[in-house]
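Asker: Next comes the structure file coords_4.pdb, holding PDB, C-alpha atoms.
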```
ATOM      1  CA  MET A  94      96.685 119.024  71.835
ATOM      2  CA  ARG A  95      96.897 115.329  72.596
ATOM      3  CA  ARG A  96      99.533 114.262  75.074
ATOM      4  CA  PRO A  97     100.663 110.685  75.731
ATOM      5  CA  SER A  98     100.212 109.100  79.114
ATOM      6  CA  VAL A  99     100.872 105.680  80.578
ATOM      7  CA  MET A 100      98.725 103.061  82.204
ATOM      8  CA  ARG A 101     100.335 100.926  84.865
ATOM      9  CA  GLY A 102      99.417  98.515  87.585
ATOM     10  CA  PRO A 103      99.843  99.566  91.205
ATOM     11  CA  GLY A 104     103.562 100.212  91.509
ATOM     12  CA  GLY A 105     104.153  98.073  88.439
ATOM     13  CA  PRO A 106     105.519  98.600  84.931
ATOM     14  CA  GLU A 107     103.869 100.614  82.205
ATOM     15  CA  LEU A 108     101.378  98.513  80.293
ATOM     16  CA  PHE A 109     100.375 100.612  77.289
ATOM     17  CA  GLN A 110     100.025 104.195  76.087
ATOM     18  CA  LEU A 111      96.824 106.215  76.223
ATOM     19  CA  ASP A 112      96.100 109.625  74.737
ATOM     20  CA  ARG A 113      95.030 112.230  77.260
ATOM     21  CA  GLU A 114      93.844 115.641  76.232
ATOM     22  CA  ALA A 115      92.502 118.737  77.943
ATOM     23  CA  ARG A 116      88.723 118.829  78.046
ATOM     24  CA  GLU A 117      85.782 120.439  79.771
ATOM     25  CA  ILE A 118      84.316 117.610  81.819
ATOM     26  CA  ALA A 119      81.308 119.709  82.905
ATOM     27  CA  PRO A 120      80.342 123.322  82.246
ATOM     28  CA  GLY A 121      83.129 125.367  83.830
ATOM     29  CA  ALA A 122      85.140 122.314  84.997
ATOM     30  CA  VAL A 123      88.312 121.854  82.935
ATOM     31  CA  HIS A 124      90.771 118.948  83.239
ATOM     32  CA  VAL A 125      94.268 119.506  81.821
ATOM     33  CA  PRO A 126      96.358 116.297  81.983
ATOM     34  CA  ASP A 127     100.146 116.514  82.390
ATOM     35  CA  TRP A 128     100.026 120.252  83.027
ATOM     36  CA  LEU A 129     103.213 120.171  85.099
ATOM     37  CA  SER A 130     106.405 118.557  83.840
ATOM     38  CA  LEU A 131     108.164 115.973  85.996
ATOM     39  CA  SER A 132     110.801 118.507  87.080
ATOM     40  CA  GLU A 133     108.071 121.005  88.033
ATOM     41  CA  GLN A 134     106.331 118.310  90.062
ATOM     42  CA  GLN A 135     109.580 117.437  91.835
ATOM     43  CA  GLU A 136     110.171 121.092  92.711
ATOM     44  CA  LEU A 137     106.625 121.484  93.995
ATOM     45  CA  VAL A 138     106.834 118.376  96.200
ATOM     46  CA  ALA A 139     110.102 119.650  97.701
ATOM     47  CA  ALA A 140     108.592 123.093  98.291
ATOM     48  CA  ALA A 141     105.439 121.622  99.854
ATOM     49  CA  ARG A 142     107.579 119.736 102.338
ATOM     50  CA  LEU A 143     108.988 123.066 103.553
ATOM     51  CA  TRP A 144     105.655 124.929 103.476
ATOM     52  CA  CYS A 145     103.867 122.218 105.461
ATOM     53  CA  SER A 146     106.059 122.441 108.527
ATOM     54  CA  GLY A 147     105.939 124.153 111.895
ATOM     55  CA  SER A 148     102.536 125.700 112.620
ATOM     56  CA  ALA A 149     101.428 124.778 109.090
ATOM     57  CA  ARG A 150     102.187 121.067 109.419
ATOM     58  CA  LEU A 151      99.680 118.587 108.025
ATOM     59  CA  ARG A 152      97.039 117.400 110.490
ATOM     60  CA  HIS A 153      93.949 115.225 110.561
ATOM     61  CA  GLN A 154      91.284 117.933 110.864
ATOM     62  CA  ARG A 155      88.234 117.467 113.069
ATOM     63  CA  MET A 156      84.883 118.001 111.365
ATOM     64  CA  PRO A 157      82.003 119.987 112.904
ATOM     65  CA  GLY A 158      80.184 116.752 113.770
ATOM     66  CA  GLY A 159      83.173 115.465 115.731
ATOM     67  CA  GLY A 160      84.588 113.010 113.195
ATOM     68  CA  VAL A 161      88.218 113.131 112.100
ATOM     69  CA  MET A 162      89.131 113.325 108.421
ATOM     70  CA  SER A 163      91.263 110.522 106.963
ATOM     71  CA  VAL A 164      93.032 113.133 104.827
ATOM     72  CA  LYS A 165      95.751 115.263 106.422
ATOM     73  CA  SER A 166      95.575 118.944 105.525
ATOM     74  CA  THR A 167      96.831 122.439 106.187
ATOM     75  CA  VAL A 168      96.240 125.978 104.951
ATOM     76  CA  LEU A 169      98.778 128.388 103.472
ATOM     77  CA  GLY A 170      98.089 132.096 103.088
ATOM     78  CA  GLN A 171      95.076 134.006 104.345
ATOM     79  CA  SER A 172      92.650 132.446 106.811
ATOM     80  CA  TRP A 173      90.117 129.975 105.533
ATOM     81  CA  PRO A 174      86.971 129.655 107.681
ATOM     82  CA  ARG A 175      87.121 125.899 108.181
ATOM     83  CA  TYR A 176      90.634 126.043 109.669
ATOM     84  CA  LYS A 177      90.715 129.349 111.581
ATOM     85  CA  VAL A 178      91.228 127.682 114.953
ATOM     86  CA  GLN A 179      93.536 124.880 113.878
ATOM     87  CA  GLN A 180      95.826 127.186 111.892
ATOM     88  CA  ALA A 181      96.401 129.893 114.516
ATOM     89  CA  GLY A 182      99.922 131.286 114.321
ATOM     90  CA  ARG A 183     100.703 130.165 110.780
ATOM     91  CA  PRO A 184     102.123 132.563 108.121
ATOM     92  CA  GLU A 185      99.547 134.761 106.372
ATOM     93  CA  ALA A 186     101.428 135.068 103.079
ATOM     94  CA  LEU A 187     100.583 132.677 100.255
ATOM     95  CA  PRO A 188     103.801 131.277  98.742
ATOM     96  CA  GLU A 189     104.530 133.206  95.551
ATOM     97  CA  ARG A 190     104.930 129.991  93.575
ATOM     98  CA  LEU A 191     101.374 128.931  94.408
ATOM     99  CA  GLY A 192      99.955 132.330  93.523
ATOM    100  CA  THR A 193     101.653 132.136  90.133
ATOM    101  CA  LEU A 194     100.366 128.613  89.543
ATOM    102  CA  GLY A 195      96.848 129.648  90.527
ATOM    103  CA  VAL A 196      96.713 132.461  87.983
ATOM    104  CA  ALA A 197      98.327 130.289  85.304
ATOM    105  CA  GLY A 198      95.822 127.503  85.967
ATOM    106  CA  VAL A 199      92.794 129.766  85.513
ATOM    107  CA  SER A 200      94.343 131.217  82.346
ATOM    108  CA  ARG A 201      94.970 127.714  80.986
ATOM    109  CA  ALA A 202      91.410 126.618  81.709
ATOM    110  CA  TYR A 203      89.445 129.625  80.491
ATOM    111  CA  GLY A 204      91.906 131.689  78.446
ATOM    112  CA  GLN A 205      94.284 134.453  79.426
ATOM    113  CA  ASP A 206      91.761 137.188  78.602
ATOM    114  CA  SER A 207      88.774 135.520  80.270
ATOM    115  CA  PRO A 208      86.990 137.477  83.028
ATOM    116  CA  GLU A 209      87.977 134.770  85.528
ATOM    117  CA  ALA A 210      91.695 134.986  84.669
ATOM    118  CA  VAL A 211      91.721 138.781  84.743
ATOM    119  CA  ALA A 212      89.945 138.960  88.119
ATOM    120  CA  PHE A 213      91.541 135.983  89.922
ATOM    121  CA  GLU A 214      93.578 137.027  92.988
ATOM    122  CA  PRO A 215      94.812 133.907  94.794
ATOM    123  CA  THR A 216      95.109 134.367  98.547
ATOM    124  CA  THR A 217      94.899 130.884 100.045
ATOM    125  CA  ALA A 218      95.960 127.320  99.362
ATOM    126  CA  VAL A 219      94.644 124.174 101.013
ATOM    127  CA  VAL A 220      97.135 121.301 100.937
ATOM    128  CA  ASN A 221      95.721 117.795 101.384
ATOM    129  CA  PHE A 222      97.725 114.602 101.772
ATOM    130  CA  TYR A 223      96.097 111.238 101.005
ATOM    131  CA  ASP A 224      97.665 107.955 101.980
ATOM    132  CA  ALA A 225      96.402 104.734 100.416
ATOM    133  CA  ASP A 226      93.410 104.546 102.767
ATOM    134  CA  ALA A 227      92.360 108.207 102.753
ATOM    135  CA  ARG A 228      89.138 109.391 101.167
ATOM    136  CA  MET A 229      87.247 112.656 100.763
ATOM    137  CA  GLY A 230      83.464 112.480 100.948
ATOM    138  CA  MET A 231      81.195 114.352  98.568
ATOM    139  CA  HIS A 232      80.966 118.003  99.563
ATOM    140  CA  GLN A 233      80.615 121.528  98.215
ATOM    141  CA  ASP A 234      83.295 124.179  98.658
ATOM    142  CA  LEU A 235      81.128 126.762 100.400
ATOM    143  CA  ASP A 236      83.780 128.362 102.599
ATOM    144  CA  GLU A 237      84.476 131.133 100.109
ATOM    145  CA  SER A 238      81.639 133.585  99.515
ATOM    146  CA  GLY A 239      82.713 134.590  96.011
ATOM    147  CA  PRO A 240      82.430 132.888  92.613
ATOM    148  CA  ASP A 241      86.164 132.631  91.878
ATOM    149  CA  PRO A 242      87.225 129.257  90.478
ATOM    150  CA  ILE A 243      89.238 126.698  92.418
ATOM    151  CA  VAL A 244      92.560 125.548  90.965
ATOM    152  CA  SER A 245      93.461 121.964  91.882
ATOM    153  CA  ILE A 246      96.920 120.428  91.302
ATOM    154  CA  SER A 247      97.641 116.724  91.825
ATOM    155  CA  LEU A 248     101.019 115.225  92.798
ATOM    156  CA  GLY A 249     101.993 111.622  93.478
ATOM    157  CA  ASP A 250      99.560 108.728  93.338
ATOM    158  CA  THR A 251      96.619 108.776  90.940
ATOM    159  CA  CYS A 252      93.184 109.309  92.456
ATOM    160  CA  ILE A 253      89.597 108.941  91.348
ATOM    161  CA  PHE A 254      87.968 112.362  91.465
ATOM    162  CA  ARG A 255      84.177 112.313  91.554
ATOM    163  CA  LEU A 256      82.412 115.395  90.177
ATOM    164  CA  GLY A 257      78.737 115.521  90.981
ATOM    165  CA  ASN A 258      75.755 117.802  90.561
ATOM    166  CA  LEU A 259      74.716 121.043  92.245
ATOM    167  CA  GLU A 260      71.814 119.658  94.273
ATOM    168  CA  HIS A 261      72.955 116.694  96.368
ATOM    169  CA  ARG A 262      75.700 114.097  96.930
ATOM    170  CA  GLY A 263      74.137 111.350  94.836
ATOM    171  CA  ARG A 264      73.925 110.685  91.124
ATOM    172  CA  PRO A 265      74.386 111.972  88.530
ATOM    173  CA  TYR A 266      78.147 112.214  88.894
ATOM    174  CA  GLN A 267      81.196 111.267  86.867
ATOM    175  CA  ASP A 268      84.571 109.828  87.881
ATOM    176  CA  ILE A 269      87.819 111.177  86.451
ATOM    177  CA  GLU A 270      91.356 109.919  86.994
ATOM    178  CA  LEU A 271      93.672 112.660  88.224
ATOM    179  CA  LYS A 272      97.327 111.759  87.783
ATOM    180  CA  SER A 273     100.437 113.477  89.037
ATOM    181  CA  GLY A 274     100.922 116.818  87.295
ATOM    182  CA  ASP A 275      97.266 117.154  86.281
ATOM    183  CA  LEU A 276      95.370 120.418  86.586
ATOM    184  CA  LEU A 277      91.665 120.655  87.377
ATOM    185  CA  VAL A 278      89.891 123.999  87.482
ATOM    186  CA  PHE A 279      86.252 124.182  88.480
ATOM    187  CA  GLY A 280      84.313 127.407  88.371
ATOM    188  CA  ARG A 281      81.494 129.017  86.409
ATOM    189  CA  SER A 282      78.491 126.665  86.423
ATOM    190  CA  SER A 283      80.447 123.956  88.288
ATOM    191  CA  ARG A 284      81.798 126.160  91.077
ATOM    192  CA  TRP A 285      79.338 124.841  93.657
ATOM    193  CA  ALA A 286      79.162 121.240  92.425
ATOM    194  CA  PHE A 287      79.483 118.404  94.936
ATOM    195  CA  HIS A 288      82.787 116.579  94.561
ATOM    196  CA  GLY A 289      85.010 114.109  96.389
ATOM    197  CA  VAL A 290      87.775 111.519  96.177
ATOM    198  CA  PRO A 291      86.469 107.962  96.692
ATOM    199  CA  ALA A 292      89.763 106.174  95.984
ATOM    200  CA  VAL A 293      93.527 106.583  95.676
ATOM    201  CA  LYS A 294      95.515 104.166  93.512
ATOM    202  CA  ALA A 295      98.452 103.336  95.746
ATOM    203  CA  GLY A 296     101.871 102.893  94.155
ATOM    204  CA  THR A 297     101.064 104.742  90.928
ATOM    205  CA  GLY A 298     103.194 107.822  91.651
ATOM    206  CA  ASP A 299     106.673 108.267  90.209
ATOM    207  CA  ALA A 300     109.321 107.362  92.787
ATOM    208  CA  SER A 301     111.496 110.239  91.589
ATOM    209  CA  LEU A 302     109.038 112.742  93.085
ATOM    210  CA  GLY A 303     110.656 112.121  96.457
ATOM    211  CA  MET A 304     107.529 111.040  98.306
ATOM    212  CA  ARG A 305     109.216 108.305 100.293
ATOM    213  CA  ASN A 306     106.060 106.520 101.426
ATOM    214  CA  GLY A 307     103.972 107.305  98.372
ATOM    215  CA  GLY A 308     100.556 108.919  98.644
ATOM    216  CA  ARG A 309      98.920 111.857  96.924
ATOM    217  CA  ILE A 310      99.333 115.582  97.502
ATOM    218  CA  ASN A 311      96.508 117.820  96.327
ATOM    219  CA  ILE A 312      96.967 121.595  96.362
ATOM    220  CA  THR A 313      93.913 123.761  95.795
ATOM    221  CA  VAL A 314      94.554 127.455  95.203
ATOM    222  CA  ARG A 315      91.647 129.732  96.071
ATOM    223  CA  SER A 316      90.633 133.373  96.467
ATOM    224  CA  THR A 317      89.094 134.595  99.700
ATOM    225  CA  ARG A 318      89.083 138.234  98.571
ATOM    226  CA  HIS A 319      85.275 138.371  98.743
ATOM    227  CA  ASP A 320      85.457 137.315 102.391
ATOM    228  CA  ARG A 321      87.523 140.288 103.534
ATOM    229  CA  ARG A 322      85.894 142.476 106.162
TER
END
```
Hey, can you dump this file as structure tokens for me?
Answerer:
Amino acid sequence: MRRPSVMRGPGGPELFQLDREAREIAPGAVHVPDWLSLSEQQELVAAARLWCSGSARLRHQRMPGGGVMSVKSTVLGQSWPRYKVQQAGRPEALPERLGTLGVAGVSRAYGQDSPEAVAFEPTTAVVNFYDADARMGMHQDLDESGPDPIVSISLGDTCIFRLGNLEHRGRPYQDIELKSGDLLVFGRSSRWAFHGVPAVKAGTGDASLGMRNGGRINITVRSTRHDRR
């Protein structure tokens, strides 16, 4: 089903209408534009503000090599290997709303009766906040040992999402615009693909979302059930 979208300059007025439709951008990687309504986005932003507080507040994480990420992040739910030390003392329960969205996202991407939708048991969410200068380098999501897909939800400013190949960080890759309310699910053949965010389009988010200083929130819902000991 085709759904209308808008093109605008940074923080400026709408320029013209574009059709956006759900499509498989690579084998197993499905982009669903405008998956969440504006009211659903507003509710999720408000909820994220509460979830990302206290011991789960957003932080600039330190990478194994000693560098500090430009993106702020936190983890909700069960432990995730990359953040075990930083997230000590945080709640172990994944917010019910995110678990529901995770299952719904996999069902939307692959079908309600697909093996992935039937088996998906969300346990963990990584919340990333990008300001206008934040970036995410090309990487693979190797922290989970299982093949379960990753459900990615975008809120706020539009970003350029770069989906690469399975072998290395270079070409071939493709760039996709992820706008507020968009869903991206990558699993199956694309589960271990390199990916990153080379740019955020500042000022493109809807002011009614309540993000006072703009920016982009990305929530990725995951399953760590294969990692249980």
Asker: With 12 Å as the threshold, what does the neighbourhood of (105.4, 118.8, 91.6) contain in terms of residues, counting only C-alpha atoms? Coordinates are those of the file; answer as a ChimeraX atom specification.
Answerer: /A:127-142,190-191,194,246-250,272-276,298-299,301-304,309-312
Asker: Name the residues captured by the PyMOL selection byres ((chain A and resi 278) around 12) when it is applied to the shown file; answer as a ChimeraX atom specification.
Answerer: /A:115-126,128,194-203,209-210,241-247,256,271,275-277,279-284,312-315
Asker: I'd like to know which of A:Glu260, A:Asp224, A:Thr251, A:Gly192 is closest to Arg305 of chain A, using only C-alpha atoms.
Answerer: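 Counting only C-alpha atoms, the residue closest to Arg305 of chain A is A:Asp224.
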Asker: Do a neighbour search on Ala286 of chain A at 7 Å with all atoms listed in the file, toss out local chain neighbours closer than 5 positions, and write the hits as a PyMOL selection string.
Answerer: chain A and resi 233+257-259
Asker: I need the residues from that last selection saved to file as a short mmCIF file (atom, residue, chain, number, x, y, z; two decimals), keeping the file's coordinate frame (with C-alpha atoms), if you can.
Answerer:
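That gives us again22.cif:
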```cif
data_model
loop_
_atom_site.label_atom_id
_atom_site.label_comp_id
_atom_site.auth_asym_id
_atom_site.auth_seq_id
_atom_site.Cartn_x
_atom_site.Cartn_y
_atom_site.Cartn_z
CA GLN A 233 80.61 121.53 98.22
CA GLY A 257 78.74 115.52 90.98
CA ASN A 258 75.76 117.80 90.56
CA LEU A 259 74.72 121.04 92.24
#
```
Asker: Could you pull the residues within 8 Å of Glu270 of chain A, counting only C-alpha atoms, minus those fewer than 5 positions along the same chain, as a PyMOL selection string?
Answerer: chain A and resi 251-254
